[in-house]
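**Q** Below is a structure I'd like to ask you about.
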Amino acid sequence: MAPTGGDAAYVGKRTLRVEDPRLLTGTGTYVDDIVRPGMLHACFVRSPMARARVLGIDVSEALQLDGVHAVFVASDLNPGVHEQWYTLNGRDNPDTPRPPLAEDEVRFVGDPVAMVVATDRYIAEDAAELVVVDYEPLPPVVDYATALDSAESVHADRPDNLVGRLGGRPMADLDPVFERAPHVVSQTLYQQSHGPVPMETRGIVAEYAAAGGEMTIWAATQSPHEVRSFCARLLGIAEHRVRVVMRDTGGGFGQKVLPQREDMCVMLAAARLPAALKWIEDRQEHLLAAGQARHEHGEARMALDDDGGILAATLDHVQDAGAYPTPSPVQSGIAVGMLFPGPYRIPEGTFSSRFVFSNTSGRVAYRGPWQYESMARETLLDTAARQLGLDPVELRRRNMLSREELPTANFNGMPYDHISPRETFEQALTMLDYEAFRREQVRAREQGRYLGVGTCTYVEPTAGATPFHATEGATIRIEPSGKVNVYVAGGSCGNSLETTVVQLTADSLGVAIEDVSTVQGDTAVTPYGAGTGGSRSGPMTAGAIAGTAGELRERIRAIAAHRLEVPVEEVEFVRGRAWAKGRPGEAGLTLAEIADIAYYQVHALPPGVPAGLEASGRYHTPHLMIWANATHVCTCEVDVVTGEVKLLRYIVSEDCGPMINPSVVEGQIFGGTVQGIGGALYEHLAYDDDGNPISTTFMDYLLPTATEVPVIEVGHVETPSPGPGGYKGVGEGGAIGSAPAVVNAVADALAPLGVRISRLPLTPSSVVGFVEEARTRQAVTL
Amino acid sequence: MADVDTVDTIEIHVRVNGTSRRETVRPRLTLADFLRVNCGLTGTHLGCEHGVCGACTVLLDGEAVRACLVFAVQANDAEVTTVEGLTGPDGQLSTVQAAFREHHGLQCGFCTPGFVVSVTAFLAENPKPTDEEIREALTGNLCRCTGYQGIVNAVRAAADTAGTAVTEGPA
């Protein structure tokens, strides 16, 4: 769909961001910048044990401290829960437990057991130290991988620690194919716990006006409307009595897509406090209790023929849910298995996924939450290539889908169309000059240096049409002066959604971009929307704006035609000015003049055209999902003595359809890619055997810095989607493709040593360990 | 009962972004909280409160420091410049701020004030850095959105712009 203005003046351009002036000058408004009269501050008392019975809590000393307003424990807050469920999950679907504060048992280190409320955070922290909790230690279930066989239970009502299981056809169905296949390759790869870790931690301010029964919440969130719905249900108050406001949120990446237990505590407590209550998580709390992701493993298998053609593939997948996942992983977790076939011709296969409780921080969404499908498949393909003596690129070429084969469906029935896996693959390899790299690698090996190259090609469903996500609204108000305000739900956490919306609106209406402003993130004034997540904001808001702007544009042209006394079809409207076709030199009408008619000269409106210049519309996507795809290619050098991995070149070839703003698209790719690099090499929310977290500061939880990351080169292949504007989502992909490409590059570098990678991340010590293990294995074999 | 907050308060005198302030503070108040809460300068952000992420970087007598690791009392008689103080009187962006905008050097913007302040100090000290020096200089600040690519490009551009302004004249 072309922009309705027929004048793509801004879409497709590197428009400077409208968010930037305030953010660059320190005048943005993040949740911690909110100050309310008499505002109180919360600090949580958290469990120091992975699992223990709570025998008693003594808050008396804490309450005596000057400035302490209240200390809440589970028996104070938890009975206030009216209803507790996420819209995405639905009221009646199975869910996992989610008590605001821990009741009789704590289930991970960081589990909140009490909440102190004081006049400032310093005093709240002092008081938290004075709360005495009597714990009786219980044996924890630390390792999710063995939790199914543990005699201990994380939740007593789930004795086997199984949250749930999902799968395709029975694995045994595939036995005949695997038995007859000339080649079978199999491997199990353990991915470590890590997470979104936005630079702004979690935070919320809740203020309840008891007299009017109104709750106002300022939150760091990706979805202000979901916070509103959740709060209304939680407290049993009407949805329109809750207002949620967010202006700037300092990164989300899935972390802030849903309210969590601490948010529940703040909402419940605020309803009984005389002033606003603020909770700003500190970084240690964040690394203890904000959640973990990607902690999983799977046995991946492929059957291949003698030419390297894939005959079948299976994945037996297990994922850590932690103690209190947000939300239950069972619904969304199916994506790992469903997407496991990726962009390859695989005639048949199946998967099984199990989600398992452990006494650790709960699973949360993280940018491309199903990423393990790519990790399992792409590393297995490289292993298969080595086993068959084929170049991994050649093996992929023999099996990868190209545009000509579409539409098609993978063996789980996922319908693929409007994608270009093979095209991105070839583009990325050309950008690298793959053959030249292989020659360089040979020369380096002769000098005792270990260079490697890895690839990952994936397909990704964006803008998925779950009932929660299937619509998006926009309201456009052309003010009496002709200036334009566009209202969308928002939830931007760095996604540049304000700039995107302004660009789309300027083109769709046909006005100058300087004349468009946007209001987002305030549930009192914007249309309902699911927020940012699932790479949905680009396509969905484009649909909402195109429809709404199209309606207004027709009214603008009708008013202009009436005043200019020409038929509507003869009215041009470009850049905020209307004139009769073929007579651009004659005096036309500016949008300000048209708005003046619409608001103040209502009698002069043409028949049937309503007063004012304001419209609301809601886009309902007819597409189950919109597919995007990309190939990541990475080269590296590994120092086999120190175990250091140095990334040399990094290339992404991406197909997100036409770009609304290339700078925003590339920024999403760069950022996602570096998160994946962090996941492959550095980041680890590690626990010791007793369930004590051992990476609770940024000195232990290592985020990539500017010196670890390579320059990322981006190539584009453009296959329009069937959705609005041909756009596709682009938020998550970078974080899906990068970690498998890096792991493959390291494995390729170390292939001459016979190294087999079975655990992540690839820290220096783990790389040295794999090298030593390979040497030992080969010495034994010899 | 232990009450660590009853220690005597201390009067300090600080110049913040050119304005003199005389305040009575508790000795344990961090400079970051002093700026954010007492001065209402919320551009200084707290990302870790243990001196790693650099989001709270401010200039203390011209030198970049982490405001979460400095007590307000340590800024007594000092000149503090925050990100708000780098902007021109009419809100015009500094060279560094403008370069960040031009090169998509920010997304969520939370780490951005720390980067802008750090880079301002870095370029004052090293006006003609190599690309490697730029990346090295940025390792004291964490960003989770940009992958650093836009930031590195912005610093390069800011250095080149500033260098051009200083060195280029009518030949």
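Ordered as shown in the structure tokens, chains take letters A, B, and onward, while each chain numbers its residues from 1 and ligands are numbered from 1 in the order shown.
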Only residues of chain A matter here; which ones have an atom within 8 Å of chain B, counting only C-alpha atoms? Give them as a VMD selection string.

**A** chain A and resid 16 to 17 20 to 21 23 to 28 33 61 65 123 126 197 to 201 248 to 251 282 to 284 493 to 496 663 to 664 667 to 668 670 to 675 697 to 699 703 to 707 709 711 to 712

**Q** Can you list, as an MDAnalysis selection string, every residue of range 667-776 of chain A that DSSP puts in helix (DSSP H, G or I)?

**A** chainID A and resid 667:681 724:726 733:749 751:753 764:776

**Q** Please, could you write that set of residues out with C-alpha atoms as a short mmCIF file (atom, residue, chain, number, x, y, z; two decimals), in the first residue's frame?

**A**
```cif
data_model
loop_
_atom_site.label_atom_id
_atom_site.label_comp_id
_atom_site.auth_asym_id
_atom_site.auth_seq_id
_atom_site.Cartn_x
_atom_site.Cartn_y
_atom_site.Cartn_z
CA GLY A 667 20.00 0.85 14.91
CA GLN A 668 17.67 -2.03 15.80
CA ILE A 669 19.93 -4.47 13.97
CA PHE A 670 23.12 -3.15 15.58
CA GLY A 671 21.64 -3.23 19.07
CA GLY A 672 20.05 -6.65 18.74
CA THR A 673 23.19 -8.10 17.23
CA VAL A 674 25.35 -6.86 20.08
CA GLN A 675 22.93 -8.31 22.62
CA GLY A 676 23.35 -11.66 20.88
CA ILE A 677 27.12 -11.28 20.89
CA GLY A 678 26.91 -10.63 24.63
CA GLY A 679 24.82 -13.76 25.02
CA ALA A 680 27.26 -15.89 23.06
CA LEU A 681 30.43 -14.67 24.75
CA PRO A 724 0.50 -2.07 5.38
CA GLY A 725 3.17 -0.36 3.30
CA GLY A 726 4.85 -3.72 2.73
CA GLY A 733 15.79 -10.19 14.63
CA GLY A 734 19.28 -8.95 15.44
CA ALA A 735 19.12 -10.69 18.79
CA ILE A 736 18.08 -13.98 17.17
CA GLY A 737 20.69 -14.38 14.47
CA SER A 738 23.81 -13.17 16.21
CA ALA A 739 24.56 -15.65 18.98
CA PRO A 740 24.35 -18.73 16.68
CA ALA A 741 26.59 -17.05 14.08
CA VAL A 742 29.19 -16.27 16.75
CA VAL A 743 29.07 -19.78 18.19
CA ASN A 744 29.46 -21.25 14.71
CA ALA A 745 32.42 -18.99 14.00
CA VAL A 746 34.18 -20.10 17.18
CA ALA A 747 33.42 -23.75 16.45
CA ASP A 748 34.73 -23.33 12.91
CA ALA A 749 37.94 -21.73 14.18
CA ALA A 751 37.39 -27.39 14.22
CA PRO A 752 40.98 -28.48 13.39
CA LEU A 753 41.42 -29.27 17.09
CA PRO A 764 37.89 -17.46 27.79
CA SER A 765 37.91 -20.19 30.43
CA SER A 766 35.21 -22.23 28.70
CA VAL A 767 37.01 -21.99 25.36
CA VAL A 768 40.24 -23.18 26.97
CA GLY A 769 38.22 -25.97 28.58
CA PHE A 770 36.78 -27.10 25.24
CA VAL A 771 40.24 -27.08 23.65
CA GLU A 772 41.67 -29.18 26.50
CA GLU A 773 38.72 -31.55 26.38
CA ALA A 774 39.24 -32.06 22.65
CA ARG A 775 42.95 -32.72 23.13
CA THR A 776 42.23 -35.24 25.89
#
```

**Q** Find the spatial neighbours of Val16 in chain B, counting only C-alpha atoms, within a cut-off of 7 Å - ignore same-chain residues fewer than 2 positions away - and output them as number ranges by chain.

**A** B: 14, 18-20, 79-81

**Q** Expressed in Å to a single decimal, how great is the separation between CA of Pro606 in chain A and CA of Arg563 in chain A?

**A** 8.5 Å

**Q** My list of candidates is B:Asp33, B:Asp90, B:Glu125, B:Glu11. Which is closest to Asn76 in chain B when distances are computed with only C-alpha atoms?

**A**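 Answer, going by the shortest atom-to-atom distance: B:Glu11.
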
**Q** Kindly give the distance, in Å, that separates CA of Ala157 in chain B and CA of Asp131 in chain B, rounded to a single decimal.

**A**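 Taking CA of Ala157 in chain B and CA of Asp131 in chain B, their separation equals 10.8 Å.
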
**Q** For Phe468 in chain A, please output as a compact mmCIF listing (two decimals) with C-alpha atoms, in the first residue's frame all residues within 8 Å (counting only C-alpha atoms; exclusion window: fewer than 2 positions along the same chain).

**A**
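Contents of the output file selection_12.txt:
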```
# COMPACT_ATOMS: atom_id res chain seq x y z
CA THR A 87 -4.33 -10.19 28.65
CA LEU A 88 -1.99 -12.11 26.37
CA ALA A 465 -2.06 -11.56 15.37
CA THR A 466 -2.82 -12.98 18.81
CA ALA A 470 -4.22 -8.12 16.32
CA THR A 471 -5.36 -4.48 16.29
CA ALA A 530 -0.80 -3.75 23.15
```

**Q** Residues at most 8 Å from Ala159 in chain B, counting only C-alpha atoms, excluding those fewer than 6 positions away in the same chain, as a list in words?

**A**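 The residues satisfying every condition are Leu123, Pro127, Lys128 and Pro129 of chain B.
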
**Q** Any chance you can output those residues with N, CA and C atoms as a PDB file, in the first residue's frame?

**A**
```
ATOM      1  N   LEU B 123      36.939  14.461  24.503  1.00  0.00           N
ATOM      2  CA  LEU B 123      37.379  15.261  23.361  1.00  0.00           C
ATOM      3  C   LEU B 123      38.089  16.537  23.796  1.00  0.00           C
ATOM      4  N   PRO B 127      41.488  15.949  21.446  1.00  0.00           N
ATOM      5  CA  PRO B 127      40.621  16.468  20.377  1.00  0.00           C
ATOM      6  C   PRO B 127      40.747  15.720  19.053  1.00  0.00           C
ATOM      7  N   LYS B 128      41.839  14.995  18.851  1.00  0.00           N
ATOM      8  CA  LYS B 128      42.002  14.285  17.580  1.00  0.00           C
ATOM      9  C   LYS B 128      42.243  12.798  17.826  1.00  0.00           C
ATOM     10  N   PRO B 129      41.263  12.110  18.324  1.00  0.00           N
ATOM     11  CA  PRO B 129      41.474  10.698  18.680  1.00  0.00           C
ATOM     12  C   PRO B 129      41.453   9.788  17.448  1.00  0.00           C
TER      13      PRO B 129
END
```

**Q** Identify, on the basis of only C-alpha atoms, every residue whose closest approach to Ile545 in chain A does not exceed 10 Å; exclude the query and any residue fewer than 2 positions from it along the same chain; express the result as a ChimeraX atom specification.

**A** /A:3-4,472-476,486-488,501-502,504-509,540-543,547-551,616-619,724

**Q** Quick one: pull the distance between CA of Val717 in chain A and CA of Gly533 in chain A, Å, one decimal.

**A**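 If I compute the distance from CA of Val717 in chain A to CA of Gly533 in chain A, I get 23.4 Å.
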
**Q** Contacts of Ser332 in chain A at 10 Å or less, counting only C-alpha atoms, minus same-chain residues fewer than 2 places along, as a PyMOL selection string?

**A** chain A and resi 88-89+327-330+334-336+365+369-370
